[in-house]
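File shown here: work.cif, holding mmCIF, C-alpha atoms.
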data_start
loop_
_atom_site.label_atom_id
_atom_site.label_comp_id
_atom_site.auth_asym_id
_atom_site.auth_seq_id
_atom_site.Cartn_x
_atom_site.Cartn_y
_atom_site.Cartn_z
CA MET H 1 323.61 144.92 337.59
CA LYS H 2 320.32 144.33 335.75
CA LYS H 3 319.68 140.74 334.70
CA ILE H 4 321.47 140.23 331.39
CA LYS H 5 319.24 138.80 328.67
CA LEU H 6 321.50 136.13 327.22
CA LEU H 7 321.02 133.73 324.30
CA LEU H 8 323.27 130.73 323.58
CA VAL H 9 323.25 129.35 320.01
CA ASP H 10 325.01 126.03 319.32
CA ASP H 11 324.06 122.79 317.58
CA GLU H 12 326.05 120.67 320.08
CA GLU H 13 323.18 120.07 322.51
CA GLN H 14 325.19 118.45 325.33
CA PHE H 15 327.73 121.25 325.21
CA VAL H 16 325.28 124.12 325.19
CA THR H 17 322.93 122.77 327.86
CA THR H 18 325.81 122.05 330.26
CA LEU H 19 327.26 125.49 329.54
CA ALA H 20 323.84 127.02 330.31
CA GLU H 21 323.73 125.19 333.66
CA ARG H 22 327.18 126.48 334.60
CA LEU H 23 326.23 130.03 333.62
CA GLU H 24 323.09 129.75 335.77
CA LEU H 25 325.27 128.83 338.76
CA ARG H 26 327.07 132.12 338.10
CA GLY H 27 323.91 134.20 338.20
CA LEU H 28 323.12 134.34 334.49
CA LYS H 29 319.93 132.86 333.06
CA PRO H 30 320.52 132.10 329.40
CA ASP H 31 318.03 130.90 326.81
CA VAL H 32 319.29 128.16 324.51
CA VAL H 33 318.58 127.43 320.84
CA LEU H 34 320.19 124.70 318.74
CA SER H 35 320.41 126.18 315.24
CA GLY H 36 320.76 129.35 313.23
CA GLU H 37 317.14 129.09 312.11
CA ALA H 38 315.94 128.76 315.71
CA ALA H 39 318.05 131.79 316.62
CA MET H 40 316.38 133.90 313.91
CA GLU H 41 312.91 132.77 315.09
CA TYR H 42 313.84 133.65 318.69
CA LEU H 43 315.05 137.08 317.58
CA ASN H 44 311.71 137.78 315.87
CA LYS H 45 310.06 137.57 319.30
CA THR H 46 312.76 138.66 321.77
CA THR H 47 315.77 140.96 321.86
CA PRO H 48 318.60 139.67 324.04
CA ASP H 49 321.42 141.92 325.28
CA VAL H 50 324.15 139.42 324.39
CA ILE H 51 324.34 136.33 322.15
CA VAL H 52 327.00 133.61 322.45
CA LEU H 53 327.14 132.10 318.99
CA ASP H 54 328.81 129.06 317.36
CA ILE H 55 329.97 129.37 313.75
CA LYS H 56 329.75 125.93 312.14
CA MET H 57 326.11 124.85 312.29
CA PRO H 58 323.91 123.07 309.75
CA GLY H 59 321.55 125.40 307.86
CA ILE H 60 322.12 129.09 308.62
CA ASP H 61 325.66 129.22 310.01
CA GLY H 62 326.91 131.53 312.75
CA ILE H 63 328.51 134.07 310.41
CA GLU H 64 325.17 134.51 308.59
CA VAL H 65 323.30 134.83 311.93
CA LEU H 66 325.83 137.48 313.02
CA ARG H 67 325.39 139.35 309.74
CA ARG H 68 321.56 139.34 310.07
CA VAL H 69 321.68 140.38 313.74
CA LYS H 70 323.99 143.30 313.01
CA LYS H 71 321.67 144.40 310.21
CA SER H 72 318.32 144.10 311.98
CA LYS H 73 319.19 144.57 315.70
CA PRO H 74 322.65 146.15 315.78
CA ASP H 75 322.45 146.90 319.51
CA ILE H 76 322.80 143.21 320.41
CA GLN H 77 326.40 142.29 321.32
CA VAL H 78 327.56 138.99 319.81
CA ILE H 79 330.34 136.79 321.22
CA ILE H 80 331.61 134.03 318.92
CA LEU H 81 332.45 130.70 320.60
CA THR H 82 333.61 128.15 318.05
CA GLY H 83 335.61 124.97 317.60
CA HIS H 84 336.38 125.96 314.03
CA GLY H 85 338.74 128.76 314.78
CA THR H 86 340.61 129.92 311.71
CA ASP H 87 342.15 133.38 311.40
CA LYS H 88 339.92 133.93 308.36
CA HIS H 89 336.75 133.34 310.41
CA LYS H 90 338.00 135.55 313.23
CA GLU H 91 338.78 138.37 310.81
CA GLU H 92 335.40 138.06 309.11
CA ALA H 93 333.45 137.95 312.40
CA THR H 94 335.31 140.97 313.78
CA LYS H 95 334.70 142.88 310.56
CA ILE H 96 330.95 142.21 310.72
CA GLY H 97 330.89 143.46 314.32
CA ALA H 98 331.39 140.53 316.74
CA PHE H 99 332.24 141.81 320.23
CA GLU H 100 334.72 139.01 320.95
CA TYR H 101 335.93 135.72 319.49
CA HIS H 102 336.73 132.63 321.61
CA LYS H 103 337.87 129.16 320.62
CA LYS H 104 336.35 126.06 322.24
CA PRO H 105 337.00 124.86 324.85
CA VAL H 106 336.96 128.14 326.78
CA GLU H 107 337.41 128.78 330.51
CA ILE H 108 333.99 129.52 332.03
CA ASP H 109 335.32 132.57 333.89
CA THR H 110 336.75 133.98 330.65
CA LEU H 111 333.36 133.59 328.98
CA VAL H 112 331.46 135.15 331.90
CA PHE H 113 333.89 138.09 331.88
CA SER H 114 333.29 138.54 328.13
CA ILE H 115 329.50 138.41 328.55
CA LYS H 116 329.59 141.04 331.32
CA ASN H 117 331.92 143.25 329.28
CA ALA H 118 329.67 142.98 326.23
CA TYR H 119 326.66 143.97 328.32
CA GLN H 120 328.61 146.79 329.97
CA LYS H 121 329.59 148.17 326.58
CA LYS H 122 325.95 148.30 325.53
CA VAL H 123 324.88 149.99 328.78
CA GLU H 124 327.70 152.56 328.73
CA SER H 125 326.90 153.57 325.18
CA VAL H 126 323.25 154.09 326.11
CA MET H 127 324.29 156.17 329.15
CA VAL H 128 326.67 158.41 327.18
CA ALA H 129 323.97 158.98 324.57
CA ALA H 130 321.42 159.72 327.32
CA THR H 131 323.79 162.27 328.92
CA PHE H 132 324.17 164.11 325.63
CA ALA H 133 320.42 163.97 325.06
CA GLN H 134 319.76 165.35 328.56
CA ALA H 135 322.13 168.23 327.83
CA GLY H 136 320.16 168.97 324.67
CA ALA H 137 322.89 167.72 322.32
CA PHE H 138 320.52 165.48 320.39
CA GLU H 139 322.67 165.26 317.27
CA ALA H 140 325.71 164.09 319.30
CA ALA H 141 323.52 161.61 321.16
CA GLU H 142 322.14 160.28 317.90
CA GLU H 143 325.65 160.00 316.45
CA ILE H 144 326.79 157.90 319.42
CA MET H 145 323.72 155.70 319.15
CA VAL H 146 324.40 155.08 315.44
CA ASP H 147 328.19 154.61 315.96
CA GLU H 148 327.66 152.09 318.74
CA GLY H 149 325.02 150.21 316.79
CA LEU H 150 322.31 151.24 319.24
CA LYS H 151 320.24 152.96 316.59
CA ASP H 152 319.70 152.12 312.95
CA LYS H 153 320.88 155.05 310.80
CA ARG H 154 318.23 154.37 308.16
CA LYS H 155 315.38 154.97 310.62
CA GLY H 156 316.50 158.58 311.21
CA MET V 20 341.65 119.60 294.62
CA LYS V 21 345.22 118.42 295.28
CA GLU V 22 345.84 115.33 297.45
CA THR V 23 347.54 117.39 300.15
CA GLU V 24 344.64 119.86 300.17
CA PHE V 25 342.15 116.99 300.54
CA LEU V 26 344.09 115.52 303.46
CA GLY V 27 344.39 118.92 305.07
CA ARG V 28 340.72 119.69 304.73
CA VAL V 29 339.62 116.34 306.19
CA THR V 30 342.08 116.80 309.08
CA ALA V 31 340.67 120.26 309.82
CA ILE V 32 337.07 118.96 309.75
CA VAL V 33 337.88 116.13 312.19
CA MET V 34 339.75 118.53 314.47
CA HIS V 35 336.64 120.72 314.61
CA ASP V 36 334.66 117.72 315.88
CA LEU V 37 337.36 116.82 318.37
CA GLN V 38 337.37 120.40 319.71
CA ASN V 39 333.65 120.00 320.35
CA VAL V 40 334.25 116.67 322.12
CA LEU V 41 336.84 118.33 324.37
CA ALA V 42 334.51 121.27 325.00
CA ILE V 43 331.75 118.89 326.17
CA ILE V 44 334.16 117.04 328.51
CA LYS V 45 335.41 120.38 329.86
CA GLU V 46 331.91 121.72 330.56
CA ALA V 47 330.63 118.42 332.06
CA SER V 48 333.63 118.08 334.40
CA GLY V 49 333.43 121.80 335.15
CA LEU V 50 329.80 121.39 336.18
CA ILE V 51 330.73 118.55 338.57
CA ASP V 52 333.44 120.82 339.99
CA ASP V 53 330.86 123.61 340.42
CA LEU V 54 328.40 121.29 342.18
CA LEU V 55 330.90 119.55 344.45
CA PRO V 56 331.03 122.28 347.13
CA MET V 57 327.22 122.14 347.32
CA SER V 58 327.05 118.40 348.10
CA LYS V 59 327.00 118.36 351.90
CA GLY V 60 327.00 114.60 352.62
CA LEU V 61 330.36 113.95 350.99
CA GLU V 62 333.35 112.94 353.14
CA PRO V 63 336.24 115.42 352.87
CA LYS V 64 338.53 112.60 351.69
CA ARG V 65 336.15 111.67 348.84
CA ARG V 66 335.70 115.35 347.94
CA ASP V 67 339.49 115.71 347.64
CA GLN V 68 339.64 112.62 345.42
CA PHE V 69 336.96 114.08 343.15
CA GLN V 70 338.69 117.42 342.96
CA HIS V 71 342.09 115.86 342.37
CA ASN V 72 340.79 113.81 339.44
CA LEU V 73 338.77 116.69 338.01
CA GLY V 74 342.08 118.55 337.95
CA HIS V 75 343.55 115.72 335.82
CA ILE V 76 340.61 115.92 333.41
CA LYS V 77 341.01 119.69 333.07
CA GLU V 78 344.75 119.37 332.51
CA GLN V 79 344.29 116.74 329.80
CA VAL V 80 341.48 118.67 328.09
CA ASP V 81 343.73 121.73 327.91
CA ARG V 82 346.53 119.55 326.53
CA GLY V 83 344.19 118.01 323.97
CA ALA V 84 342.87 121.45 323.01
CA LYS V 85 346.41 122.63 322.24
CA PHE V 86 346.96 119.58 320.00
CA THR V 87 343.67 119.97 318.16
CA GLU V 88 344.25 123.69 317.63
CA LEU V 89 347.69 123.07 316.13
CA LEU V 90 346.53 120.09 314.11
CA ASN V 91 343.62 122.15 312.78
CA SER V 92 346.10 124.83 311.73
CA PHE V 93 348.34 122.08 310.27
CA GLY V 94 345.37 120.88 308.21
CA HIS V 95 344.83 124.39 306.87
CA SER V 96 348.58 124.66 306.07
CA MET V 97 347.95 122.61 302.90
CA GLU V 98 345.84 125.44 301.47
CA ASP V 99 347.44 128.11 299.34
CA CYS V 100 348.35 131.08 301.49
CA PRO V 101 349.16 134.26 299.54
CA GLU V 102 351.26 135.74 302.34
CA GLY V 103 353.57 132.67 302.50
CA ALA V 104 354.94 131.03 305.62
CA ASP V 105 356.44 132.46 308.81
CA LEU V 106 359.43 130.26 309.64
CA GLU V 107 359.30 130.64 313.42
CA SER V 108 355.61 129.82 313.64
CA CYS V 109 356.07 126.76 311.36
CA ALA V 110 358.96 125.55 313.56
CA ARG V 111 356.89 126.02 316.74
CA GLN V 112 353.95 124.14 315.28
CA ILE V 113 355.87 121.09 314.05
CA ALA V 114 358.07 120.99 317.18
CA PHE V 115 354.95 120.84 319.36
CA LEU V 116 353.16 118.24 317.22
CA SER V 117 356.19 115.92 317.13
CA GLN V 118 357.21 116.31 320.78
CA ARG V 119 356.27 112.71 321.64
CA PHE V 120 358.51 111.46 318.84
CA ALA V 121 361.40 113.52 320.26
CA ARG V 122 360.61 112.46 323.83
CA MET V 123 361.06 108.81 322.87
CA LYS V 124 364.68 109.67 322.00
CA ARG V 125 364.86 111.90 325.09
CA ILE V 126 365.75 114.90 322.95
CA GLU V 127 364.10 118.29 323.29
CA PHE V 128 363.51 120.90 320.59
CA LEU V 129 363.21 124.48 321.83
CA VAL V 130 362.15 127.27 319.48
CA ASP V 131 363.82 130.54 320.52
CA PRO V 132 362.28 133.90 319.57
CA ALA V 133 363.75 135.38 316.39
CA GLU V 134 365.33 138.83 316.31
CA GLU V 135 363.80 139.47 312.94
CA ARG V 136 360.78 137.81 311.31
CA GLN V 137 361.68 135.41 308.48
CA ARG V 138 359.07 134.68 305.80
CA VAL V 139 359.20 132.58 302.64
CA PRO V 140 356.78 132.49 299.69
CA HIS V 141 356.08 128.74 300.06
CA PRO V 142 353.12 126.78 301.46
CA ARG V 143 353.44 126.26 305.23
CA PHE V 144 353.26 122.47 305.01
CA GLN V 145 356.39 122.44 302.77
CA VAL V 146 358.30 124.47 305.35
CA MET V 147 357.09 122.18 308.15
CA MET V 148 358.13 119.13 306.12
CA ALA V 149 361.64 120.57 305.73
CA VAL V 150 361.85 121.41 309.47
CA PHE V 151 360.68 117.88 310.29
CA ALA V 152 363.38 116.39 308.02
CA VAL V 153 366.08 118.28 309.95
CA MET V 154 364.50 117.31 313.28
CA GLU V 155 364.52 113.64 312.22
CA ALA V 156 368.20 113.92 311.26
CA CYS V 157 368.95 115.45 314.67
CA LEU V 158 367.09 112.59 316.39
CA GLN V 159 369.19 110.05 314.54
CA GLU V 160 372.57 111.67 315.19
CA LEU V 161 372.38 113.44 318.55
CA PRO V 162 372.79 111.65 321.88
CA ALA V 163 369.91 111.32 324.35
CA LEU V 164 369.22 114.32 326.60
CA SER V 165 370.37 116.79 323.92
CA LYS V 166 368.57 120.11 323.70
CA VAL V 167 368.26 121.56 320.22
CA HIS V 168 367.58 125.29 319.96
CA ILE V 169 365.84 126.37 316.77
CA ARG V 170 365.84 130.01 315.75
CA ALA V 171 364.65 131.79 312.61
CA GLU V 172 367.45 133.93 311.15
CA ALA V 173 368.98 134.94 307.82
CA VAL V 174 371.38 132.33 306.42
CA ASN V 175 373.72 133.86 303.79
CA HIS V 176 371.12 136.60 303.23
CA ALA V 177 368.34 134.03 302.68
CA PRO V 178 365.52 133.35 305.16
CA GLY V 179 366.30 130.30 307.27
CA LEU V 180 366.22 128.37 310.52
CA CYS V 181 369.30 127.42 312.55
CA PHE V 182 369.41 124.28 314.72
CA HIS V 183 371.97 124.54 317.50
CA TRP V 184 372.91 121.95 320.17
CA PRO V 185 375.36 123.80 322.44
CA ASP V 186 375.57 121.27 325.31
CA VAL V 187 376.65 118.16 323.39
CA LEU V 188 380.26 117.09 323.90
CA HIS V 189 382.02 117.22 320.48
CA GLY V 190 378.70 118.37 319.02
CA GLU V 191 380.49 120.23 316.22
CA ASP V 192 381.41 116.85 314.67
CA LEU V 193 377.74 116.04 314.16
CA ALA V 194 376.82 118.93 311.86
CA LEU V 195 377.98 117.22 308.66
CA PRO V 196 376.26 113.86 309.35
CA ILE V 197 373.03 115.69 310.21
CA ALA V 198 373.18 117.74 307.01
CA ALA V 199 373.95 114.53 305.06
CA HIS V 200 370.57 113.07 306.10
CA THR V 201 368.87 115.66 303.91
CA GLN V 202 371.21 115.41 300.91
CA GLY V 203 371.70 112.98 298.01
CA GLN V 204 368.97 110.35 297.95
CA ASN V 205 367.35 111.94 301.02
CA ALA V 206 367.05 115.35 299.35
CA GLY V 207 363.41 114.51 298.51
CA ASN V 208 362.49 115.26 302.13
CA LEU V 209 363.12 118.94 301.41
CA PRO V 210 361.27 121.22 299.01
CA PRO V 211 363.41 121.92 295.89
CA ASN V 212 364.31 125.43 296.99
CA ALA V 213 365.52 124.44 300.50
CA LYS V 214 368.93 123.19 301.62
CA VAL V 215 370.67 122.19 304.83
CA THR V 216 374.28 123.19 305.51
CA SER V 217 376.64 123.19 308.50
CA GLY V 218 376.09 126.34 310.51
CA GLU V 219 378.67 129.10 311.04
CA ARG V 220 378.43 128.46 314.75
CA ASN V 221 379.87 125.28 316.26
CA ALA V 222 377.41 122.44 316.69
CA SER V 223 374.74 123.72 314.37
CA VAL V 224 373.09 123.23 310.99
CA CYS V 225 371.03 125.74 309.03
CA LEU V 226 368.01 125.18 306.84
CA SER V 227 367.70 127.94 304.26
CA PHE V 228 365.13 128.73 301.57
CA ALA V 229 366.06 130.28 298.24
#
As structure tokens, how would this structure be written, given the file I've shared?
Amino acid sequence: MKKIKLLLVDDEEQFVTTLAERLELRGLKPDVVLSGEAAMEYLNKTTPDVIVLDIKMPGIDGIEVLRRVKKSKPDIQVIILTGHGTDKHKEEATKIGAFEYHKKPVEIDTLVFSIKNAYQKKVESVMVAATFAQAGAFEAAEEIMVDEGLKDKRKG
Amino acid sequence: MKETEFLGRVTAIVMHDLQNVLAIIKEASGLIDDLLPMSKGLEPKRRDQFQHNLGHIKEQVDRGAKFTELLNSFGHSMEDCPEGADLESCARQIAFLSQRFARMKRIEFLVDPAEERQRVPHPRFQVMMAVFAVMEACLQELPALSKVHIRAEAVNHAPGLCFHWPDVLHGEDLALPIAAHTQGQNAGNLPPNAKVTSGERNASVCLSFA
């Protein structure tokens, strides 16, 4: 599997740096930012495959980051990892397009499984679209890309 | 903002912080657990001691996480909820949160799955308060080592919860005293539209909501 480009966003520094170390021991190499603003700055320069995102953060909160990501770079898969787990938040995050929703504290293996699944989903969608494109079915390929959030409909 | 709402909101905020505290402990102890097999100079006996105690930390973090999750939900139960309250889920929540209280009397509350979902158009905290009042009455009247089964079911066509203690010798004689704890001057422990009566089954009382 290609190296997954992973971003962790959480304002709890001790939590997120330790989590990053544990993920590194499992073959992932995440980048870490400590706020919603820092996440938006990071996304201006880089496009990760998967983001693990907290909800309750000072400044731009996780729901707003998710909304902006899904608008500007819809191909990025976002996993919510929060200590503020209400059904209302879960419903809202899922509606905006979060790949999965976990409550803190989470088992590391559960999180790794989620990250790999999120990446797999992105890759599979690209491959299906590529197969259609190779067969000359460009409209079908484009439809899949738009449906899966891999292509912005407005760009045509 | 109502007083109950204020208390609920502050509880939920603190629980959010506590969930973060538990998450940090879990990740830090998890990292030690990850690194332990890589430390070559460690005696096997010491390694076992580390692993054994890391297991305790993990167990207690998981236990704490369950409490904070339910207490967070309890905090939010003060907020108005248009869809009302699910009786079984309220019973499960308050039975879990007050398990230490019950353990001191060596009594166990077990919530059995309902055959049919029972909902009432009241705030969840009111339902939990009523369930707690019946649990307290059971703790006062039932002998140690009793097991009380709680199940959501219709009581005289109204949504309700039945409390049943099948293994207590002469347990049927205790239904009236238990119900009495929630009547008369103690009726204030129940919301106005709730009442507790002896159950149709032996050794049981039912809490119903109009």
Problem set entry | d(atom CA of V:Arg28, atom CA of V:Glu88) in Å |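 A separation of 14.0 Å between them.
Going from atom CA of H:Val128 to atom CA of H:Val65 covers 28.3 Å.
Taking atom CA of H:Gln77 as the reference point, atom CA of H:Phe113 is found at 13.6 Å.
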Problem set entry | Output check: residues returned by the PyMOL selection byres ((chain H) within 7 of (chain V)), as a list in words |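 For this structure, the PyMOL selection byres ((chain H) within 7 of (chain V)) captures Gln14, Phe15, Thr18, Leu19, Arg22, Gly83, His84, Lys104 and Pro105 of chain H.
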For this session: Please write the residues picked by the PyMOL selection byres ((chain V and resi 109) around 9) on this file as a ChimeraX atom specification.
Result: /V:104-108,110-114,143-144,146-147,150
To verify the selection step, state as a PDB file with C-alpha atoms, in the coordinates of the input which residues the PyMOL selection byres ((chain H and resi 55) around 8) yields on this input.
ATOM      1  CA  LEU H  53     327.140 132.100 318.990  1.00  0.00           C
ATOM      2  CA  ASP H  54     328.810 129.060 317.360  1.00  0.00           C
ATOM      3  CA  LYS H  56     329.750 125.930 312.140  1.00  0.00           C
ATOM      4  CA  MET H  57     326.110 124.850 312.290  1.00  0.00           C
ATOM      5  CA  ASP H  61     325.660 129.220 310.010  1.00  0.00           C
ATOM      6  CA  GLY H  62     326.910 131.530 312.750  1.00  0.00           C
ATOM      7  CA  ILE H  63     328.510 134.070 310.410  1.00  0.00           C
ATOM      8  CA  ILE H  80     331.610 134.030 318.920  1.00  0.00           C
ATOM      9  CA  LEU H  81     332.450 130.700 320.600  1.00  0.00           C
ATOM     10  CA  THR H  82     333.610 128.150 318.050  1.00  0.00           C
ATOM     11  CA  HIS H  84     336.380 125.960 314.030  1.00  0.00           C
TER      12      HIS H  84
END
Problem set entry | Protein and nucleic acid residues near (323.1, 126.0, 328.5) (cut-off 7 Å, all atoms listed in the file) as a list of chain:residue names |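 All residues meeting the 7 Å criterion around (323.1, 126.0, 328.5) are H:Leu8, H:Val16, H:Thr17, H:Thr18, H:Leu19, H:Ala20, H:Glu21, H:Pro30, H:Val32.
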Please, what is the axis-aligned box for every listed atom of stretch 102-108 of chain V with 6 Å on each side, as centre and edge lengths in Å to one decimal, as lines of an AutoDock Vina configuration file?
center_x = 355.3
center_y = 132.8
center_z = 308.0
size_x = 20.2
size_y = 17.9
size_z = 23.3
For this session: With a distance cut-off of 9 Å and all atoms listed in the file, select the neighbouring residues of V:Ser227, excluding the residue or stretch itself and same-chain residues fewer than 5 positions from it, and output the selection as a VMD selection string.
Result: chain V and resid 173 to 175 177 to 181 212 to 216
Exercise. For H:Val123, which residue among H:Glu107, H:Asp75, H:Leu23, H:Gly59 is the nearest when counting only C-alpha atoms?
Worked result: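 Answer, going by the shortest atom-to-atom distance: H:Asp75.
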For this session: Write out as number ranges by chain which residues come within 8 Å of V:Pro140 when counting only C-alpha atoms, dropping same-chain ones fewer than 3 positions away.
Result: V: 101-104
Residues as selected, C-alpha atoms, written as a PDB file, in the frame of the given file, can you do that?
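Final output, saved to again-v6.pdb:
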ATOM      1  CA  PRO V 101     349.160 134.260 299.540  1.00  0.00           C
ATOM      2  CA  GLU V 102     351.260 135.740 302.340  1.00  0.00           C
ATOM      3  CA  GLY V 103     353.570 132.670 302.500  1.00  0.00           C
ATOM      4  CA  ALA V 104     354.940 131.030 305.620  1.00  0.00           C
TER       5      ALA V 104
END
For this session: Would you list the residues near (334.4, 137.3, 320.7), meaning any protein, DNA or RNA residue with an atom at most 10 Å from that point in file coordinates, counting only C-alpha atoms, as a PyMOL selection string?
Result: chain H and resi 52-53+77-82+90+93-94+97-103+111+114-115+118
Exercise. Between V:Leu90, V:Met57, V:Ala171, V:Met148, which is the closest to V:Phe115 once you count all atoms listed in the file?
Worked result: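 Smallest separation from V:Phe115 among the options: V:Leu90.
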Exercise. So which one's closest to V:Gln202, V:Ser165, V:Phe86, V:Ala149, V:Ser58? Using all atoms listed in the file, please.
Worked result: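 Going through V:Ser165, V:Phe86, V:Ala149, V:Ser58 one by one, the smallest distance to V:Gln202 is for V:Ala149.
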Hey, could you patch up stretch 28-48 of chain H with N, CA and C atoms and hand it over as a short mmCIF file (atom, residue, chain, number, x, y, z; two decimals), keeping the file's coordinate frame?
data_model
loop_
_atom_site.label_atom_id
_atom_site.label_comp_id
_atom_site.auth_asym_id
_atom_site.auth_seq_id
_atom_site.Cartn_x
_atom_site.Cartn_y
_atom_site.Cartn_z
N LEU H 28 323.69 133.98 335.79
CA LEU H 28 323.12 134.34 334.49
C LEU H 28 321.99 133.35 334.18
N LYS H 29 321.03 133.78 333.36
CA LYS H 29 319.93 132.86 333.06
C LYS H 29 319.74 132.82 331.54
N PRO H 30 320.58 132.05 330.86
CA PRO H 30 320.52 132.10 329.40
C PRO H 30 319.36 131.29 328.81
N ASP H 31 318.90 131.74 327.63
CA ASP H 31 318.03 130.90 326.81
C ASP H 31 318.94 130.15 325.85
N VAL H 32 318.47 129.00 325.39
CA VAL H 32 319.29 128.16 324.51
C VAL H 32 318.51 127.83 323.25
N VAL H 33 319.15 127.98 322.08
CA VAL H 33 318.58 127.43 320.84
C VAL H 33 319.67 126.63 320.14
N LEU H 34 319.24 125.68 319.27
CA LEU H 34 320.19 124.70 318.74
C LEU H 34 320.50 124.87 317.25
N SER H 35 320.08 125.97 316.66
CA SER H 35 320.41 126.18 315.24
C SER H 35 320.30 127.66 314.90
N GLY H 36 320.85 127.98 313.72
CA GLY H 36 320.76 129.35 313.23
C GLY H 36 319.32 129.75 312.96
N GLU H 37 318.56 128.81 312.41
CA GLU H 37 317.14 129.09 312.11
C GLU H 37 316.38 129.39 313.40
N ALA H 38 316.62 128.56 314.43
CA ALA H 38 315.94 128.76 315.71
C ALA H 38 316.35 130.10 316.33
N ALA H 39 317.59 130.50 316.09
CA ALA H 39 318.05 131.79 316.62
C ALA H 39 317.29 132.93 315.95
N MET H 40 317.09 132.84 314.63
CA MET H 40 316.38 133.90 313.91
C MET H 40 314.91 133.97 314.37
N GLU H 41 314.30 132.80 314.59
CA GLU H 41 312.91 132.77 315.09
C GLU H 41 312.83 133.43 316.47
N TYR H 42 313.78 133.08 317.33
CA TYR H 42 313.84 133.65 318.69
C TYR H 42 313.96 135.17 318.62
N LEU H 43 314.80 135.63 317.68
CA LEU H 43 315.05 137.08 317.58
C LEU H 43 313.85 137.84 317.02
N ASN H 44 312.94 137.13 316.34
CA ASN H 44 311.71 137.78 315.87
C ASN H 44 310.80 138.13 317.04
N LYS H 45 310.95 137.36 318.16
CA LYS H 45 310.06 137.57 319.30
C LYS H 45 310.74 138.33 320.43
N THR H 46 312.05 138.12 320.60
CA THR H 46 312.76 138.66 321.77
C THR H 46 314.05 139.34 321.34
N THR H 47 314.49 140.31 322.14
CA THR H 47 315.77 140.96 321.86
C THR H 47 316.71 140.77 323.05
N PRO H 48 317.65 139.84 322.93
CA PRO H 48 318.60 139.67 324.04
C PRO H 48 319.62 140.80 324.08
#
